[in-house]
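Participant: Handing over model.pdb, PDB, C-alpha atoms.
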ATOM      1  CA  MET A 100     -12.421   9.431  -2.821
ATOM      2  CA  ASP A 101     -14.241   7.429  -0.174
ATOM      3  CA  ALA A 102     -13.684   3.663  -0.043
ATOM      4  CA  SER A 103     -17.415   3.101  -0.344
ATOM      5  CA  ALA A 104     -17.475   5.030  -3.614
ATOM      6  CA  GLY A 105     -14.642   2.960  -5.098
ATOM      7  CA  ALA A 106     -15.791  -0.415  -3.851
ATOM      8  CA  GLY A 107     -16.870  -1.685  -7.265
ATOM      9  CA  SER A 108     -14.193  -0.154  -9.435
ATOM     10  CA  GLY A 109     -10.976  -1.449 -10.919
ATOM     11  CA  ASN A 110     -10.564  -5.164 -10.465
ATOM     12  CA  ALA A 111      -6.866  -5.853 -10.225
ATOM     13  CA  PRO A 112      -5.359  -9.225 -11.047
ATOM     14  CA  GLY A 113      -4.544 -11.087  -7.875
ATOM     15  CA  ALA A 114      -6.816  -8.905  -5.757
ATOM     16  CA  GLY A 115      -7.938 -12.016  -3.928
ATOM     17  CA  ALA A 116     -11.063 -12.678  -1.951
ATOM     18  CA  SER A 117     -12.344  -9.120  -1.983
ATOM     19  CA  SER A 118     -12.107  -8.829  -5.812
ATOM     20  CA  CYS A 119     -11.603  -5.083  -5.567
ATOM     21  CA  CYS A 120      -8.632  -2.851  -6.106
ATOM     22  CA  TYR A 121      -6.796  -2.293  -2.832
ATOM     23  CA  TYR A 122      -6.005   1.285  -3.812
ATOM     24  CA  ALA A 123      -9.705   2.017  -4.348
ATOM     25  CA  GLN A 124     -10.588   0.391  -1.034
ATOM     26  CA  LEU A 125      -8.285   2.810   0.758
ATOM     27  CA  GLY A 126      -9.276   5.726  -1.506
ATOM     28  CA  ILE A 127      -5.714   6.451  -2.612
ATOM     29  CA  ARG A 128      -3.779   6.688  -5.862
ATOM     30  CA  LYS A 129      -1.452   3.963  -7.074
ATOM     31  CA  ASN A 130       1.616   6.152  -6.444
ATOM     32  CA  ALA A 131       0.645   6.894  -2.818
ATOM     33  CA  SER A 132       3.441   7.085  -0.264
ATOM     34  CA  CYS A 133       3.647   4.905   2.844
ATOM     35  CA  THR A 134       2.454   7.885   4.882
ATOM     36  CA  ASP A 135      -0.583   8.341   2.612
ATOM     37  CA  ILE A 136      -1.414   4.640   2.876
ATOM     38  CA  ARG A 137      -1.139   4.695   6.668
ATOM     39  CA  ALA A 138      -3.270   7.853   6.969
ATOM     40  CA  ALA A 139      -5.990   6.458   4.681
ATOM     41  CA  TYR A 140      -6.012   3.188   6.598
ATOM     42  CA  ARG A 141      -6.344   4.905   9.976
ATOM     43  CA  ARG A 142      -9.135   7.173   8.733
ATOM     44  CA  LEU A 143     -11.131   4.302   7.227
ATOM     45  CA  ALA A 144     -10.437   1.890  10.099
ATOM     46  CA  MET A 145     -11.847   4.413  12.538
ATOM     47  CA  LYS A 146     -14.861   5.018  10.310
ATOM     48  CA  TRP A 147     -15.694   1.339   9.691
ATOM     49  CA  HIS A 148     -14.562  -0.319  12.938
ATOM     50  CA  PRO A 149     -17.344  -2.757  13.940
ATOM     51  CA  ASP A 150     -17.438  -1.405  17.503
ATOM     52  CA  ARG A 151     -18.596   1.981  16.201
ATOM     53  CA  TRP A 152     -21.548   0.306  14.482
ATOM     54  CA  ALA A 153     -22.560  -1.990  17.362
ATOM     55  CA  SER A 154     -25.632   0.129  18.143
ATOM     56  CA  ASP A 155     -26.998  -0.478  14.616
ATOM     57  CA  PRO A 156     -27.303  -4.268  14.147
ATOM     58  CA  GLY A 157     -28.284  -3.876  10.488
ATOM     59  CA  ALA A 158     -25.038  -2.068   9.635
ATOM     60  CA  THR A 159     -22.724  -4.141  11.850
ATOM     61  CA  GLY A 160     -22.299  -6.896   9.240
ATOM     62  CA  GLU A 161     -21.438  -4.449   6.460
ATOM     63  CA  ALA A 162     -19.048  -2.537   8.734
ATOM     64  CA  LYS A 163     -17.277  -5.779   9.667
ATOM     65  CA  GLN A 164     -16.840  -6.731   5.989
ATOM     66  CA  ARG A 165     -15.551  -3.286   5.037
ATOM     67  CA  PHE A 166     -13.192  -3.241   7.996
ATOM     68  CA  GLN A 167     -11.762  -6.639   6.980
ATOM     69  CA  ARG A 168     -11.270  -5.471   3.363
ATOM     70  CA  ILE A 169      -9.561  -2.299   4.597
ATOM     71  CA  GLN A 170      -7.246  -4.368   6.797
ATOM     72  CA  GLU A 171      -6.439  -6.716   3.894
ATOM     73  CA  ALA A 172      -5.675  -3.789   1.582
ATOM     74  CA  TYR A 173      -3.458  -2.135   4.181
ATOM     75  CA  SER A 174      -1.570  -5.354   4.946
ATOM     76  CA  VAL A 175      -0.657  -5.690   1.263
ATOM     77  CA  LEU A 176       0.004  -2.056   0.353
ATOM     78  CA  SER A 177       2.049  -1.320   3.485
ATOM     79  CA  ASP A 178       4.475  -4.193   2.722
ATOM     80  CA  ARG A 179       6.810  -3.204  -0.120
ATOM     81  CA  GLY A 180       7.295  -6.748  -1.370
ATOM     82  CA  LYS A 181       3.600  -7.609  -1.336
ATOM     83  CA  ARG A 182       2.775  -4.262  -2.921
ATOM     84  CA  ALA A 183       5.229  -4.869  -5.765
ATOM     85  CA  MET A 184       3.714  -8.309  -6.344
ATOM     86  CA  TYR A 185       0.190  -6.853  -6.222
ATOM     87  CA  ASP A 186       1.079  -4.104  -8.695
ATOM     88  CA  ALA A 187       2.537  -6.717 -11.037
ATOM     89  CA  GLY A 188      -0.635  -8.815 -10.727
ATOM     90  CA  LEU A 189       1.189 -11.662  -8.963
ATOM     91  CA  PHE A 190      -0.196 -11.378  -5.430
ATOM     92  CA  ASP A 191      -2.701 -13.940  -4.183
ATOM     93  CA  PRO A 192      -3.732 -13.386  -0.545
ATOM     94  CA  LEU A 193      -4.959 -16.984  -0.319
ATOM     95  CA  ASP A 194      -1.545 -18.439  -1.222
ATOM     96  CA  ASP A 195       0.788 -18.858   1.772
ATOM     97  CA  ASP A 196       3.795 -19.529  -0.500
ATOM     98  CA  ASP A 197       3.802 -15.870  -1.553
ATOM     99  CA  GLN A 198       5.855 -14.925   1.526
ATOM    100  CA  ASP A 199       9.098 -16.320   0.065
ATOM    101  CA  PHE A 200       8.491 -14.531  -3.218
ATOM    102  CA  SER A 201       7.551 -11.393  -1.289
ATOM    103  CA  ASP A 202      10.864 -11.553   0.570
ATOM    104  CA  PHE A 203      12.687 -11.970  -2.748
ATOM    105  CA  MET A 204      10.835  -8.974  -4.220
ATOM    106  CA  GLN A 205      11.708  -6.917  -1.135
ATOM    107  CA  GLU A 206      15.410  -7.696  -1.628
ATOM    108  CA  MET A 207      15.161  -6.808  -5.307
ATOM    109  CA  LEU A 208      13.502  -3.467  -4.491
ATOM    110  CA  VAL A 209      16.237  -2.627  -1.981
ATOM    111  CA  MET A 210      18.903  -3.423  -4.587
ATOM    112  CA  MET A 211      17.076  -1.366  -7.217
ATOM    113  CA  ASP A 212      16.803   1.578  -4.826
ATOM    114  CA  SER A 213      20.546   1.439  -4.168
ATOM    115  CA  VAL A 214      21.224   1.492  -7.911
ATOM    116  CA  LYS A 215      18.837   4.433  -8.406
ATOM    117  CA  ASN A 216      20.887   6.514  -6.000
ATOM    118  CA  GLU A 217      23.970   6.225  -8.195
ATOM    119  CA  LYS A 218      24.773   8.882 -10.795
ATOM    120  CA  PRO A 219      22.797   8.075 -13.944
ATOM    121  CA  ASP A 220      24.759   7.327 -17.103
ATOM    122  CA  THR A 221      24.752   9.983 -19.770
ATOM    123  CA  LEU A 222      24.187   9.197 -23.426
ATOM    124  CA  GLU A 223      27.911   9.617 -23.991
ATOM    125  CA  ASP A 224      28.686   7.098 -21.223
ATOM    126  CA  LEU A 225      26.344   4.571 -22.795
ATOM    127  CA  GLN A 226      27.870   5.137 -26.244
ATOM    128  CA  LYS A 227      31.374   4.599 -24.820
ATOM    129  CA  MET A 228      30.254   1.352 -23.128
ATOM    130  CA  LEU A 229      28.794   0.121 -26.404
ATOM    131  CA  ASP A 230      31.996   1.022 -28.274
ATOM    132  CA  ASP A 231      34.072  -0.817 -25.658
ATOM    133  CA  ILE A 232      31.906  -3.902 -26.000
ATOM    134  CA  VAL A 233      32.102  -3.883 -29.791
ATOM    135  CA  LYS A 234      35.836  -3.168 -29.882
ATOM    136  CA  GLY A 235      36.525  -5.705 -27.130
ATOM    137  CA  ASP A 236      34.822  -8.513 -29.071
ATOM    138  CA  GLY A 237      36.558  -7.610 -32.315
ATOM    139  CA  GLU A 238      40.021  -7.460 -30.755
ATOM    140  CA  SER A 239      39.678 -10.797 -28.945
ATOM    141  CA  ARG A 240      38.422 -12.582 -32.058
ATOM    142  CA  ALA A 241      41.143 -11.111 -34.230
ATOM    143  CA  ALA A 242      43.837 -12.151 -31.758
ATOM    144  CA  SER A 243      42.627 -15.746 -31.439
ATOM    145  CA  GLY A 244      41.640 -16.313 -35.021
ATOM    146  CA  GLY A 245      37.923 -16.579 -34.222
ATOM    147  CA  GLY A 246      35.815 -18.371 -31.679
ATOM    148  CA  CYS A 247      33.929 -17.198 -28.684
ATOM    149  CA  GLY A 248      35.781 -15.178 -26.098
ATOM    150  CA  GLY A 249      39.124 -15.638 -27.852
ATOM    151  CA  ARG A 250      39.589 -19.282 -26.832
ATOM    152  CA  ALA A 251      39.061 -22.385 -28.864
ATOM    153  CA  PRO A 252      37.861 -25.396 -26.841
ATOM    154  CA  PRO A 253      40.451 -28.115 -26.264
ATOM    155  CA  GLU A 254      40.145 -31.163 -28.500
ATOM    156  CA  ALA A 255      38.869 -33.322 -25.610
ATOM    157  CA  ASN A 256      35.983 -30.920 -24.895
ATOM    158  CA  ARG A 257      34.613 -30.815 -28.429
ATOM    159  CA  ARG A 258      31.254 -32.437 -28.902
ATOM    160  CA  THR A 259      30.538 -35.072 -31.471
ATOM    161  CA  ARG A 260      27.103 -35.684 -32.841
ATOM    162  CA  VAL A 261      25.622 -39.050 -31.959
ATOM    163  CA  ALA A 262      22.487 -40.416 -33.571
ATOM    164  CA  PRO A 263      19.709 -40.883 -31.023
ATOM    165  CA  TYR A 264      18.837 -44.399 -32.236
ATOM    166  CA  PRO A 265      21.155 -47.040 -33.651
ATOM    167  CA  GLN A 266      20.919 -47.161 -37.410
ATOM    168  CA  ALA A 267      20.019 -50.569 -38.840
ATOM    169  CA  SER A 268      22.365 -51.674 -41.573
ATOM    170  CA  ARG A 269      20.769 -52.027 -44.965
ATOM    171  CA  ARG A 270      21.503 -54.940 -47.241
TER     172      ARG A 270
END
Once you've parsed the file, please lay out its structure as structure tokens.
Facilitator:
Amino acid sequence: MDASAGAGSGNAPGAGASSCCYYAQLGIRKNASCTDIRAAYRRLAMKWHPDRWASDPGATGEAKQRFQRIQEAYSVLSDRGKRAMYDAGLFDPLDDDDQDFSDFMQEMLVMMDSVKNEKPDTLEDLQKMLDDIVKGDGESRAASGGGCGGRAPPEANRRTRVAPYPQASRR
């Protein structure tokens, strides 16, 4: 799909100044790999670079706008943190404070990827974990005679209820 064909389709939340889906601008699917994104960007950047359209003054303005939108889409979709925010509808290209959140999202994605590489739990493993949790709570409560976590709070730490306003004495 050519970026010009998808220019008016699929407004995504947080798409920013261009008000168009970044995926459509690059002519790629939402699950595109980094290599696919880079290849689409290079192809479209070469096609719409303003220098290629310098001989046609009428098309130079449109080429410049398309080139800027392509660059904006690539800058977001090529950055994993910004892409995750964009996909969640949280990315605003006009907000400079997004960089901190983008860094946080990047760290979260790295941690999630490391967890994905571990052996997935089977249904039996999950059932055993649930049984351990249920049995663990029951045993600790039975041993302590009730309470949370098997410990009763010391007398000094117990809260007493205090009325928010002093009560006037009635005669």
Participant: Convert the output of the PyMOL selection byres ((chain A and resi 142) around 12) on the shown file into explicit residues, formatted as a ChimeraX atom specification.
Facilitator: /A:101-102,124-127,135-141,143-148,166,169-170,173
Participant: Neighbouring residues of A:Asp202 were defined as those with any atom within 12 Å, considering all atoms listed in the file; residues of the same chain fewer than 3 positions away were excluded. Please report them as number ranges by chain.
Facilitator: A: 178-184, 196-199, 205-209
Participant: State, in Å with one decimal place, the distance from atom CA of A:Leu225 to atom CA of A:Asp212.
Facilitator: 20.6 Å
Participant: Could you jot down the atom CA of A:Glu161 to atom CA of A:Pro149 separation for me, Å, one decimal place?
Facilitator: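 Calculated distance between atom CA of A:Glu161 and atom CA of A:Pro149 is 8.7 Å.
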Participant: I'd like the interatomic distance between atom CA of A:Phe203 and atom CA of A:Asp191, to a tenth of an Å.
Facilitator: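 Spanning atom CA of A:Phe203 to atom CA of A:Asp191 is a straight-line distance of 15.6 Å.
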Participant: I need the residue nearest A:Cys120 from this list: A:Ala153, A:Tyr185, A:Ser177, A:Thr134. Use all atoms listed in the file for the distance.
Facilitator: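 Using all atoms listed in the file, the shortest distance to A:Cys120 belongs to A:Tyr185.
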Participant: When you count all atoms listed in the file, which of these residues is closest to A:Ser174: A:Asp155, A:Asp230, A:Gly160, A:Tyr121?
Facilitator: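 Of A:Asp155, A:Asp230, A:Gly160, A:Tyr121, the one nearest A:Ser174, counting all atoms listed in the file, is A:Tyr121.
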